[in-house]
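This is start.pdb. It holds PDB, C-alpha atoms and all ligand atoms.
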```pdb
ATOM      1  CA  MET A   1      51.491  19.369  21.889
ATOM      2  CA  VAL A   2      52.721  16.000  23.112
ATOM      3  CA  LEU A   3      50.395  13.132  22.241
ATOM      4  CA  LEU A   4      50.651   9.622  23.653
ATOM      5  CA  LEU A   5      48.887   6.877  21.779
ATOM      6  CA  PHE A   6      48.061   3.836  23.895
ATOM      7  CA  GLY A   7      46.509   0.573  22.850
ATOM      8  CA  PRO A   8      47.308  -3.133  22.759
ATOM      9  CA  PRO A   9      49.443  -4.606  19.968
ATOM     10  CA  GLY A  10      47.243  -4.716  16.874
ATOM     11  CA  SER A  11      44.889  -1.939  17.980
ATOM     12  CA  GLY A  12      45.819   0.210  14.965
ATOM     13  CA  LYS A  13      48.208   2.584  16.727
ATOM     14  CA  GLY A  14      50.664   2.614  13.814
ATOM     15  CA  THR A  15      47.988   3.552  11.275
ATOM     16  CA  GLN A  16      46.436   6.247  13.463
ATOM     17  CA  SER A  17      49.773   7.711  14.538
ATOM     18  CA  ARG A  18      50.761   8.281  10.906
ATOM     19  CA  LEU A  19      47.411   9.950  10.136
ATOM     20  CA  ILE A  20      47.467  12.165  13.243
ATOM     21  CA  ALA A  21      51.100  13.194  12.856
ATOM     22  CA  ASN A  22      50.554  14.080   9.234
ATOM     23  CA  TRP A  23      47.476  16.105  10.115
ATOM     24  CA  LEU A  24      49.179  18.028  12.936
ATOM     25  CA  GLY A  25      52.561  18.337  11.225
ATOM     26  CA  ILE A  26      54.465  16.733  14.098
ATOM     27  CA  PRO A  27      56.611  13.584  13.975
ATOM     28  CA  ALA A  28      55.159  10.203  14.962
ATOM     29  CA  ILE A  29      57.760   8.332  16.983
ATOM     30  CA  SER A  30      57.375   4.606  17.447
ATOM     31  CA  THR A  31      59.922   3.099  19.837
ATOM     32  CA  GLY A  32      59.209  -0.310  18.261
ATOM     33  CA  ASP A  33      60.093   1.049  14.780
ATOM     34  CA  MET A  34      63.200   2.728  16.182
ATOM     35  CA  LEU A  35      64.353  -0.499  17.830
ATOM     36  CA  ARG A  36      63.721  -2.462  14.611
ATOM     37  CA  ALA A  37      65.836   0.107  12.730
ATOM     38  CA  GLU A  38      68.643  -0.367  15.295
ATOM     39  CA  ILE A  39      68.470  -4.139  14.759
ATOM     40  CA  GLN A  40      68.553  -3.640  10.997
ATOM     41  CA  ALA A  41      71.599  -1.375  11.323
ATOM     42  CA  GLY A  42      73.348  -3.912  13.598
ATOM     43  CA  THR A  43      74.082  -1.364  16.355
ATOM     44  CA  ALA A  44      74.941  -2.335  19.948
ATOM     45  CA  LEU A  45      71.442  -1.254  20.995
ATOM     46  CA  GLY A  46      69.913  -3.366  18.227
ATOM     47  CA  GLN A  47      71.931  -6.385  19.331
ATOM     48  CA  ALA A  48      70.823  -5.913  22.936
ATOM     49  CA  ALA A  49      67.160  -5.573  21.908
ATOM     50  CA  GLN A  50      66.929  -8.326  19.301
ATOM     51  CA  SER A  51      66.314 -11.447  21.380
ATOM     52  CA  ILE A  52      64.066  -9.616  23.861
ATOM     53  CA  MET A  53      61.850  -8.321  21.056
ATOM     54  CA  ALA A  54      61.771 -11.714  19.328
ATOM     55  CA  SER A  55      60.303 -13.246  22.494
ATOM     56  CA  GLY A  56      57.712 -10.490  23.022
ATOM     57  CA  GLY A  57      59.328  -9.077  26.198
ATOM     58  CA  LEU A  58      60.255  -5.462  26.956
ATOM     59  CA  VAL A  59      63.622  -3.877  26.204
ATOM     60  CA  GLY A  60      65.355  -2.344  29.265
ATOM     61  CA  ASP A  61      64.218   1.135  30.373
ATOM     62  CA  GLU A  62      67.687   2.644  30.267
ATOM     63  CA  LEU A  63      68.219   1.733  26.623
ATOM     64  CA  VAL A  64      64.770   2.842  25.499
ATOM     65  CA  ASN A  65      64.782   6.062  27.569
ATOM     66  CA  GLU A  66      68.135   7.139  26.182
ATOM     67  CA  MET A  67      67.027   6.376  22.616
ATOM     68  CA  LEU A  68      63.805   8.358  23.142
ATOM     69  CA  ALA A  69      65.569  11.341  24.752
ATOM     70  CA  GLN A  70      67.911  11.614  21.793
ATOM     71  CA  ARG A  71      65.040  11.409  19.337
ATOM     72  CA  VAL A  72      62.870  14.106  20.930
ATOM     73  CA  SER A  73      65.834  16.479  21.119
ATOM     74  CA  GLN A  74      65.869  16.607  17.302
ATOM     75  CA  PRO A  75      64.697  19.901  15.739
ATOM     76  CA  ASP A  76      61.576  18.325  14.190
ATOM     77  CA  CYS A  77      60.203  17.766  17.716
ATOM     78  CA  HIS A  78      60.298  21.439  18.728
ATOM     79  CA  ASN A  79      56.586  21.897  18.032
ATOM     80  CA  GLY A  80      55.579  18.646  19.685
ATOM     81  CA  PHE A  81      55.528  14.952  18.893
ATOM     82  CA  LEU A  82      53.388  11.872  19.044
ATOM     83  CA  LEU A  83      54.631   8.753  20.819
ATOM     84  CA  ASP A  84      53.480   5.264  19.886
ATOM     85  CA  GLY A  85      54.673   2.436  22.132
ATOM     86  CA  TYR A  86      56.194   4.676  24.800
ATOM     87  CA  PRO A  87      55.912   4.924  27.773
ATOM     88  CA  ARG A  88      55.239   1.261  28.445
ATOM     89  CA  LYS A  89      56.151   1.312  32.136
ATOM     90  CA  VAL A  90      55.589   3.721  35.010
ATOM     91  CA  GLU A  91      59.364   4.267  35.187
ATOM     92  CA  GLN A  92      59.348   5.314  31.513
ATOM     93  CA  ALA A  93      56.369   7.589  32.191
ATOM     94  CA  ALA A  94      58.289   9.284  35.022
ATOM     95  CA  PHE A  95      61.280   9.734  32.705
ATOM     96  CA  LEU A  96      59.017  11.226  30.034
ATOM     97  CA  ASP A  97      57.474  13.617  32.601
ATOM     98  CA  ARG A  98      60.936  15.026  33.281
ATOM     99  CA  LEU A  99      61.732  15.251  29.582
ATOM    100  CA  ILE A 100      58.468  17.072  28.843
ATOM    101  CA  ASP A 101      59.135  19.451  31.715
ATOM    102  CA  GLN A 102      62.669  20.189  30.533
ATOM    103  CA  ARG A 103      61.423  20.909  27.052
ATOM    104  CA  CYS A 104      58.624  23.155  28.379
ATOM    105  CA  PHE A 105      55.683  21.263  26.928
ATOM    106  CA  SER A 106      52.346  21.065  28.722
ATOM    107  CA  LYS A 107      51.083  17.752  30.078
ATOM    108  CA  PRO A 108      50.552  15.205  27.325
ATOM    109  CA  VAL A 109      47.223  14.341  25.741
ATOM    110  CA  ILE A 110      46.459  10.629  25.972
ATOM    111  CA  LEU A 111      44.570   8.772  23.249
ATOM    112  CA  HIS A 112      43.743   5.201  24.202
ATOM    113  CA  LEU A 113      42.618   2.837  21.438
ATOM    114  CA  ASP A 114      40.577   0.139  23.093
ATOM    115  CA  VAL A 115      40.084  -3.162  21.244
ATOM    116  CA  PRO A 116      38.690  -6.408  22.722
ATOM    117  CA  LEU A 117      41.661  -8.706  23.326
ATOM    118  CA  ASP A 118      40.169 -11.665  21.420
ATOM    119  CA  ALA A 119      40.045  -9.577  18.202
ATOM    120  CA  LEU A 120      43.761  -8.813  18.340
ATOM    121  CA  VAL A 121      45.440 -12.124  17.498
ATOM    122  CA  GLY A 122      43.776 -12.426  14.065
ATOM    123  CA  ARG A 123      44.561  -8.812  13.281
ATOM    124  CA  LEU A 124      48.250  -9.163  14.105
ATOM    125  CA  THR A 125      48.959 -12.427  12.338
ATOM    126  CA  SER A 126      47.466 -10.983   9.125
ATOM    127  CA  ARG A 127      49.464  -7.731   9.385
ATOM    128  CA  ARG A 128      52.083  -6.841   6.770
ATOM    129  CA  GLN A 129      54.383  -3.804   6.664
ATOM    130  CA  CYS A 130      56.407  -2.066   3.966
ATOM    131  CA  PRO A 131      60.049  -2.001   5.101
ATOM    132  CA  THR A 132      60.706   1.095   2.974
ATOM    133  CA  CYS A 133      57.933   3.534   3.937
ATOM    134  CA  GLY A 134      56.511   1.801   7.018
ATOM    135  CA  ARG A 135      52.953   1.635   5.631
ATOM    136  CA  ILE A 136      50.912  -1.037   7.341
ATOM    137  CA  TYR A 137      48.485  -3.408   5.582
ATOM    138  CA  ASN A 138      46.122  -6.038   6.870
ATOM    139  CA  LEU A 139      45.316  -8.994   4.652
ATOM    140  CA  LEU A 140      41.801  -9.169   6.144
ATOM    141  CA  HIS A 141      40.719  -5.529   6.027
ATOM    142  CA  GLN A 142      43.267  -3.424   4.143
ATOM    143  CA  PRO A 143      45.114  -5.628   1.653
ATOM    144  CA  PRO A 144      47.559  -4.083  -0.827
ATOM    145  CA  LYS A 145      46.280  -3.701  -4.417
ATOM    146  CA  ARG A 146      48.946  -6.142  -5.683
ATOM    147  CA  ALA A 147      49.306  -9.070  -3.280
ATOM    148  CA  GLY A 148      52.595  -8.895  -1.374
ATOM    149  CA  PHE A 149      53.741  -5.442  -2.548
ATOM    150  CA  CYS A 150      53.444  -1.910  -1.184
ATOM    151  CA  ASP A 151      50.931   0.291  -3.076
ATOM    152  CA  ASP A 152      53.126   3.357  -2.590
ATOM    153  CA  ASP A 153      56.594   2.186  -3.602
ATOM    154  CA  GLY A 154      56.273  -1.407  -4.843
ATOM    155  CA  THR A 155      58.564  -2.850  -2.122
ATOM    156  CA  PRO A 156      57.834  -6.487  -1.146
ATOM    157  CA  LEU A 157      55.914  -6.461   2.151
ATOM    158  CA  ASP A 158      57.319  -7.990   5.358
ATOM    159  CA  THR A 159      55.733  -9.925   8.183
ATOM    160  CA  ARG A 160      57.208  -8.886  11.502
ATOM    161  CA  LYS A 161      58.971 -11.733  13.309
ATOM    162  CA  ASP A 162      57.008 -10.964  16.451
ATOM    163  CA  ASP A 163      53.672 -11.222  14.615
ATOM    164  CA  GLN A 164      53.751 -15.024  14.886
ATOM    165  CA  GLU A 165      50.858 -16.347  16.937
ATOM    166  CA  ASP A 166      52.732 -17.503  20.053
ATOM    167  CA  VAL A 167      54.725 -14.266  20.239
ATOM    168  CA  VAL A 168      51.582 -12.217  19.598
ATOM    169  CA  LYS A 169      49.900 -13.879  22.573
ATOM    170  CA  GLU A 170      52.916 -13.120  24.768
ATOM    171  CA  ARG A 171      52.915  -9.449  23.635
ATOM    172  CA  ILE A 172      49.217  -9.131  24.436
ATOM    173  CA  ARG A 173      49.784 -10.721  27.870
ATOM    174  CA  THR A 174      52.680  -8.319  28.511
ATOM    175  CA  TYR A 175      50.604  -5.340  27.404
ATOM    176  CA  ASP A 176      47.648  -6.305  29.543
ATOM    177  CA  ALA A 177      49.778  -6.707  32.657
ATOM    178  CA  ILE A 178      51.754  -3.503  32.323
ATOM    179  CA  SER A 179      49.446  -1.002  30.667
ATOM    180  CA  ARG A 180      47.057  -0.425  33.582
ATOM    181  CA  PRO A 181      49.525   1.302  35.935
ATOM    182  CA  VAL A 182      50.905   3.408  33.059
ATOM    183  CA  ILE A 183      47.432   4.614  32.107
ATOM    184  CA  ALA A 184      46.680   5.244  35.796
ATOM    185  CA  HIS A 185      49.798   7.439  35.911
ATOM    186  CA  TYR A 186      48.030   9.801  33.510
ATOM    187  CA  GLN A 187      44.692  10.006  35.317
ATOM    188  CA  ASP A 188      45.059  13.759  35.923
ATOM    189  CA  THR A 189      45.880  14.378  32.282
ATOM    190  CA  SER A 190      43.650  14.862  29.225
ATOM    191  CA  TYR A 191      42.692  11.249  28.659
ATOM    192  CA  TYR A 192      40.427   9.972  25.877
ATOM    193  CA  GLN A 193      39.371   6.387  25.298
ATOM    194  CA  ILE A 194      38.456   5.525  21.717
ATOM    195  CA  ARG A 195      36.845   2.318  20.442
ATOM    196  CA  GLY A 196      39.441   0.794  18.129
ATOM    197  CA  ASP A 197      37.255  -1.975  16.650
ATOM    198  CA  ARG A 198      35.991   0.261  13.822
ATOM    199  CA  SER A 199      37.356   1.346  10.450
ATOM    200  CA  PRO A 200      40.564   3.433  10.506
ATOM    201  CA  GLY A 201      38.792   6.379   8.809
ATOM    202  CA  TYR A 202      36.041   6.443  11.405
ATOM    203  CA  ILE A 203      38.531   6.267  14.281
ATOM    204  CA  PHE A 204      40.618   9.063  12.783
ATOM    205  CA  GLU A 205      37.507  11.241  12.471
ATOM    206  CA  GLU A 206      36.786  10.733  16.156
ATOM    207  CA  ILE A 207      40.384  11.584  17.034
ATOM    208  CA  THR A 208      40.402  14.792  14.981
ATOM    209  CA  GLY A 209      37.109  15.717  16.694
ATOM    210  CA  ILE A 210      38.846  15.337  20.060
ATOM    211  CA  LEU A 211      42.016  17.168  19.110
ATOM    212  CA  GLU A 212      40.564  20.031  17.080
ATOM    213  CA  PRO A 213      39.253  21.994  20.103
ATOM    214  CA  LEU A 214      42.571  21.454  21.924
ATOM    215  CA  VAL A 215      44.488  22.812  18.945
ATOM    216  CA  SER A 216      42.122  25.679  18.146
ATOM    217  CA  ARG A 217      41.874  26.707  21.815
ATOM    218  CA  ASN A 218      45.294  28.189  21.145
ATOM    219  CA  GLY A 219      44.016  30.210  18.194
ATOM    220  CA  ALA A 220      45.888  28.229  15.579
ATOM    221  CA  ARG A 221      47.679  24.955  15.096
ATOM    222  CA  CYS A 222      50.911  26.532  16.230
ATOM    223  CA  ARG A 223      51.365  29.117  18.890
ATOM    224  CA  LEU A 224      54.358  30.627  20.597
ATOM    225  CA  GLY A 225      55.811  28.228  23.132
ATOM    226  CA  LYS A 226      55.843  29.267  26.747
ATOM    227  CA  ALA A 227      59.146  30.526  28.107
ATOM    228  CA  CYS A 228      61.427  28.053  29.828
ATOM    229  CA  ASP A 229      62.709  29.038  33.226
ATOM    230  CA  SER A 230      66.440  29.465  33.787
ATOM    231  CA  ARG A 231      66.841  25.821  34.940
ATOM    232  CA  ASN A 232      66.235  24.749  31.405
ATOM    233  CA  GLY A 233      68.513  27.121  29.570
ATOM    234  CA  PRO A 234      67.540  29.794  27.113
ATOM    235  CA  SER A 235      63.910  30.783  26.680
ATOM    236  CA  LYS A 236      62.056  29.020  23.892
ATOM    237  CA  ALA A 237      59.431  31.765  23.751
ATOM    238  CA  ALA A 238      60.226  32.698  20.187
ATOM    239  CA  LYS A 239      59.820  29.181  18.865
ATOM    240  CA  PRO A 240      56.497  28.161  17.401
ATOM    241  CA  SER A 241      54.947  25.315  19.332
ATOM    242  CA  LEU A 242      51.952  23.021  19.144
ATOM    243  CA  ASP A 243      52.041  22.883  22.915
ATOM    244  CA  ALA A 244      48.386  22.862  23.968
TER     245      ALA A 244
HETATM  246  P1  LIG B 301      53.321  -3.530  19.366
HETATM  247  O1  LIG B 301      52.738  -2.338  20.050
HETATM  248  O2  LIG B 301      52.560  -3.892  18.142
HETATM  249  O3  LIG B 301      53.634  -4.659  20.286
HETATM  250  P2  LIG B 301      55.859  -2.167  18.902
HETATM  251  O4  LIG B 301      56.400  -1.975  17.545
HETATM  252  O5  LIG B 301      55.379  -0.965  19.650
HETATM  253  O6  LIG B 301      54.740  -3.253  18.761
HETATM  254  O7  LIG B 301      56.955  -2.891  19.823
HETATM  255  C1  LIG B 301      57.587  -4.077  19.433
HETATM  256  C2  LIG B 301      58.543  -4.533  20.531
HETATM  257  O8  LIG B 301      59.550  -3.519  20.758
HETATM  258  C3  LIG B 301      57.904  -4.723  21.908
HETATM  259  O9  LIG B 301      57.319  -6.010  22.033
HETATM  260  C4  LIG B 301      59.126  -4.539  22.830
HETATM  261  O10 LIG B 301      59.948  -5.691  22.837
HETATM  262  C5  LIG B 301      59.911  -3.432  22.118
HETATM  263  N1  LIG B 301      59.547  -2.079  22.633
HETATM  264  C6  LIG B 301      58.926  -1.081  21.919
HETATM  265  N2  LIG B 301      58.737   0.014  22.694
HETATM  266  C7  LIG B 301      59.239  -0.285  23.915
HETATM  267  C8  LIG B 301      59.318   0.414  25.162
HETATM  268  N3  LIG B 301      58.807   1.654  25.307
HETATM  269  N4  LIG B 301      59.916  -0.209  26.223
HETATM  270  C9  LIG B 301      60.416  -1.449  26.093
HETATM  271  N5  LIG B 301      60.357  -2.178  24.959
HETATM  272  C10 LIG B 301      59.774  -1.616  23.882
END
```
Entire entry expressed as structure tokens:
Amino acid sequence: MVLLLFGPPGSGKGTQSRLIANWLGIPAISTGDMLRAEIQAGTALGQAAQSIMASGGLVGDELVNEMLAQRVSQPDCHNGFLLDGYPRKVEQAAFLDRLIDQRCFSKPVILHLDVPLDALVGRLTSRRQCPTCGRIYNLLHQPPKRAGFCDDDGTPLDTRKDDQEDVVKERIRTYDAISRPVIAHYQDTSYYQIRGDRSPGYIFEEITGILEPLVSRNGARCRLGKACDSRNGPSKAAKPSLDA
């Protein structure tokens, strides 16, 4: 199964993607996290992305597409994967369509977390993240037990550079302008809109309620993947897949 999680910055995508991926046993892939890791590692891609990300703009399609293609070709993606923050443009969606086709997955399932835009700025500027395990906190609703430190591994928490108010507003503007055509691209796909202005546990319950029938329709969480045709190389029929 390929899941795409959509929602504006601050809608809780990171929190839900971790919960869903853990529940389904597939990797959660955040292009934003991957780009931040490239910046941290000082790679050429990281250097190209750094100033664009700091201003709240979008990194070029070619760079992001290539990074994504490499990631989903890893063995842990054989049974499916969840994408958070990708595709962000129709061109990226078209690239992903080809990738999904090559890898013999069915059409993706879209989960759209909808949060009123005026609630987002406060949420984002009070967000903190653990640089070690990626766990996300919110000083308003989900503070860590010890102020400033991760509950799980004790690492000092970070504020993302792009969570400053002016950059947050630019990211929300960018999202609002570009998300509509991307979501429209998936109108013939399984598309579910979920109210994101509720507690994470409640939202996750709604999401599992949506996904459970899709997963169990196949008899089990994993089923045998469908065979690839000869265009795509050897058949993957013997590999277990979460492809719904
Ligand atoms: P959020 O959804 O909270 O804005 P992300 O972590 O998904 O944050 O993304 C942070 C930044 O990384 C974006 O503002 C953008 O600059 C860059 N980025 C992430 N994913 C993509 C993508 N698919 N295409 C282009 N740029 C991206």
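Evaluated on this file, the PyMOL selection byres (((chain A and resi 85) around 9) and not hetatm) matches Leu4, Leu5, Phe6, Gly7, Lys13, Ile29, Ser30, Thr31, Gly32, Leu83, Asp84, Tyr86, Pro87 and Arg88 of chain A.
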Take the residues that were just selected and, keeping C-alpha atoms, output them as a PDB file, keeping the file's coordinate frame.
```pdb
ATOM      1  CA  LEU A   4      50.651   9.622  23.653  1.00  0.00           C
ATOM      2  CA  LEU A   5      48.887   6.877  21.779  1.00  0.00           C
ATOM      3  CA  PHE A   6      48.061   3.836  23.895  1.00  0.00           C
ATOM      4  CA  GLY A   7      46.509   0.573  22.850  1.00  0.00           C
ATOM      5  CA  LYS A  13      48.208   2.584  16.727  1.00  0.00           C
ATOM      6  CA  ILE A  29      57.760   8.332  16.983  1.00  0.00           C
ATOM      7  CA  SER A  30      57.375   4.606  17.447  1.00  0.00           C
ATOM      8  CA  THR A  31      59.922   3.099  19.837  1.00  0.00           C
ATOM      9  CA  GLY A  32      59.209  -0.310  18.261  1.00  0.00           C
ATOM     10  CA  LEU A  83      54.631   8.753  20.819  1.00  0.00           C
ATOM     11  CA  ASP A  84      53.480   5.264  19.886  1.00  0.00           C
ATOM     12  CA  TYR A  86      56.194   4.676  24.800  1.00  0.00           C
ATOM     13  CA  PRO A  87      55.912   4.924  27.773  1.00  0.00           C
ATOM     14  CA  ARG A  88      55.239   1.261  28.445  1.00  0.00           C
TER      15      ARG A  88
END
```
Review point. Selected by the PyMOL selection byres (((chain A and resi 35-52) around 12) and not hetatm) in the shown coordinates: which residues, as number ranges by chain?
Key: A: 29-34, 53-68, 85-86, 131-132, 134, 160-162, 167, 170-171
Among listed residues A:Ile26, A:Ile194, A:Val115, A:Leu3, nearest Gln74 in chain A (using only C-alpha atoms) |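 Smallest separation from Gln74 in chain A among the options: A:Ile26.
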Step by step, gather every atom of ligand LIG 301 (chain B) that the file lists, find the box along x, y and z that holds them, add 3 Å on each side, and finally give centre and edge lengths in Å to one decimal, as JSON.
```
{"center_x": 56.5, "center_y": -2.2, "center_z": 21.9, "size_x": 13.9, "size_y": 13.7, "size_z": 14.7}
```
Output the residue selection produced by the PyMOL selection byres (((chain A and resi 111) around 12) and not hetatm) on the file above, formatted as a ChimeraX atom specification. /A:2-7,11-13,16-17,20,82-85,108-110,112-114,183,186,189-196,203-204,206-208,210-211
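Of the listed residues (A:Ala69, A:Gln164, A:Ala94, A:Pro144), A:Gln164 comes nearest to Leu124 in chain A; the distances count only C-alpha atoms.
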Shortest contact to ligand LIG 301 (chain B), candidates A:Phe149, A:Phe95, A:Phe105, A:Phe81, atoms counted all atoms listed in the file, goes to A:Phe95
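Shortest atom-to-atom contact with ligand LIG 301 (chain B) among A:Asp163, A:Asp151, A:Glu212, A:Asp97: A:Asp163, counting all atoms listed in the file.
Of the listed residues A:Ile100, A:Val90, A:Ala147, A:Cys130, the one whose atoms come nearest to Arg180 in chain A is A:Val90, with distances taken using all atoms listed in the file.
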- Nearest residue to ligand LIG 301 (chain B) from the set A:Ala93, A:Leu140, A:Cys77, A:Leu214 (distances using only C-alpha atoms and all ligand atoms):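 Result for the nearest residue to ligand LIG 301 (chain B): A:Ala93.
Across the structure, CA of Arg135 in chain A and CA of Leu19 in chain A are spaced 11.0 Å apart.
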Students should find that atom C9 of ligand LIG 301 (chain B) and CA of Gln92 in chain A are spaced 8.7 Å
Student task, range 191-218 of chain A output with N, CA and C atoms as an mmCIF file, in the first residue's frame:
```cif
data_model
loop_
_atom_site.group_PDB
_atom_site.id
_atom_site.type_symbol
_atom_site.label_atom_id
_atom_site.label_comp_id
_atom_site.auth_asym_id
_atom_site.auth_seq_id
_atom_site.Cartn_x
_atom_site.Cartn_y
_atom_site.Cartn_z
ATOM 1 N N TYR A 191 -9.605 8.836 -1.701
ATOM 2 C CA TYR A 191 -9.260 10.115 -1.067
ATOM 3 C C TYR A 191 -10.107 10.311 0.183
ATOM 4 N N TYR A 192 -9.472 10.602 1.303
ATOM 5 C CA TYR A 192 -10.195 10.776 2.565
ATOM 6 C C TYR A 192 -9.758 12.075 3.221
ATOM 7 N N GLN A 193 -10.741 12.907 3.559
ATOM 8 C CA GLN A 193 -10.426 14.151 4.255
ATOM 9 C C GLN A 193 -10.721 13.946 5.742
ATOM 10 N N ILE A 194 -9.777 14.369 6.570
ATOM 11 C CA ILE A 194 -9.898 14.123 8.013
ATOM 12 C C ILE A 194 -9.721 15.449 8.734
ATOM 13 N N ARG A 195 -10.597 15.736 9.699
ATOM 14 C CA ARG A 195 -10.459 16.989 10.456
ATOM 15 C C ARG A 195 -9.238 16.884 11.375
ATOM 16 N N GLY A 196 -8.275 17.781 11.153
ATOM 17 C CA GLY A 196 -7.021 17.706 11.899
ATOM 18 C C GLY A 196 -6.995 18.572 13.146
ATOM 19 N N ASP A 197 -8.118 19.258 13.473
ATOM 20 C CA ASP A 197 -8.109 20.134 14.648
ATOM 21 C C ASP A 197 -8.665 19.397 15.867
ATOM 22 N N ARG A 198 -8.232 18.145 16.032
ATOM 23 C CA ARG A 198 -8.636 17.331 17.190
ATOM 24 C C ARG A 198 -7.397 16.658 17.764
ATOM 25 N N SER A 199 -7.558 15.911 18.850
ATOM 26 C CA SER A 199 -6.367 15.336 19.488
ATOM 27 C C SER A 199 -5.757 14.270 18.582
ATOM 28 N N PRO A 200 -4.411 14.102 18.657
ATOM 29 C CA PRO A 200 -3.735 13.137 17.788
ATOM 30 C C PRO A 200 -4.321 11.726 17.910
ATOM 31 N N GLY A 201 -4.701 11.322 19.145
ATOM 32 C CA GLY A 201 -5.232 9.971 19.347
ATOM 33 C C GLY A 201 -6.549 9.776 18.613
ATOM 34 N N TYR A 202 -7.376 10.806 18.658
ATOM 35 C CA TYR A 202 -8.689 10.746 18.021
ATOM 36 C C TYR A 202 -8.537 10.666 16.501
ATOM 37 N N ILE A 203 -7.603 11.478 15.988
ATOM 38 C CA ILE A 203 -7.358 11.497 14.533
ATOM 39 C C ILE A 203 -6.834 10.136 14.082
ATOM 40 N N PHE A 204 -5.915 9.587 14.867
ATOM 41 C CA PHE A 204 -5.332 8.286 14.501
ATOM 42 C C PHE A 204 -6.411 7.201 14.474
ATOM 43 N N GLU A 205 -7.333 7.275 15.451
ATOM 44 C CA GLU A 205 -8.433 6.299 15.477
ATOM 45 C C GLU A 205 -9.271 6.387 14.193
ATOM 46 N N GLU A 206 -9.529 7.627 13.771
ATOM 47 C CA GLU A 206 -10.303 7.779 12.532
ATOM 48 C C GLU A 206 -9.524 7.208 11.340
ATOM 49 N N ILE A 207 -8.234 7.446 11.332
ATOM 50 C CA ILE A 207 -7.408 6.958 10.211
ATOM 51 C C ILE A 207 -7.362 5.431 10.191
ATOM 52 N N THR A 208 -7.200 4.808 11.355
ATOM 53 C CA THR A 208 -7.165 3.337 11.366
ATOM 54 C C THR A 208 -8.528 2.794 10.927
ATOM 55 N N GLY A 209 -9.601 3.499 11.289
ATOM 56 C CA GLY A 209 -10.948 3.088 10.852
ATOM 57 C C GLY A 209 -11.074 3.132 9.332
ATOM 58 N N ILE A 210 -10.415 4.099 8.713
ATOM 59 C CA ILE A 210 -10.453 4.209 7.249
ATOM 60 C C ILE A 210 -9.601 3.113 6.609
ATOM 61 N N LEU A 211 -8.421 2.904 7.182
ATOM 62 C CA LEU A 211 -7.468 2.002 6.525
ATOM 63 C C LEU A 211 -7.759 0.526 6.767
ATOM 64 N N GLU A 212 -8.343 0.220 7.917
ATOM 65 C CA GLU A 212 -8.541 -1.189 8.283
ATOM 66 C C GLU A 212 -9.284 -1.975 7.193
ATOM 67 N N PRO A 213 -10.425 -1.464 6.683
ATOM 68 C CA PRO A 213 -11.102 -2.228 5.624
ATOM 69 C C PRO A 213 -10.246 -2.387 4.369
ATOM 70 N N LEU A 214 -9.426 -1.366 4.058
ATOM 71 C CA LEU A 214 -8.583 -1.447 2.856
ATOM 72 C C LEU A 214 -7.534 -2.531 3.033
ATOM 73 N N VAL A 215 -7.016 -2.634 4.254
ATOM 74 C CA VAL A 215 -5.981 -3.639 4.534
ATOM 75 C C VAL A 215 -6.622 -5.016 4.605
ATOM 76 N N SER A 216 -7.761 -5.132 5.321
ATOM 77 C CA SER A 216 -8.329 -6.462 5.522
ATOM 78 C C SER A 216 -9.044 -6.987 4.279
ATOM 79 N N ARG A 217 -9.399 -6.060 3.349
ATOM 80 C CA ARG A 217 -9.988 -6.498 2.084
ATOM 81 C C ARG A 217 -9.071 -7.519 1.399
ATOM 82 N N ASN A 218 -7.795 -7.398 1.694
ATOM 83 C CA ASN A 218 -6.816 -8.312 1.090
ATOM 84 C C ASN A 218 -6.574 -9.532 1.954
#
```
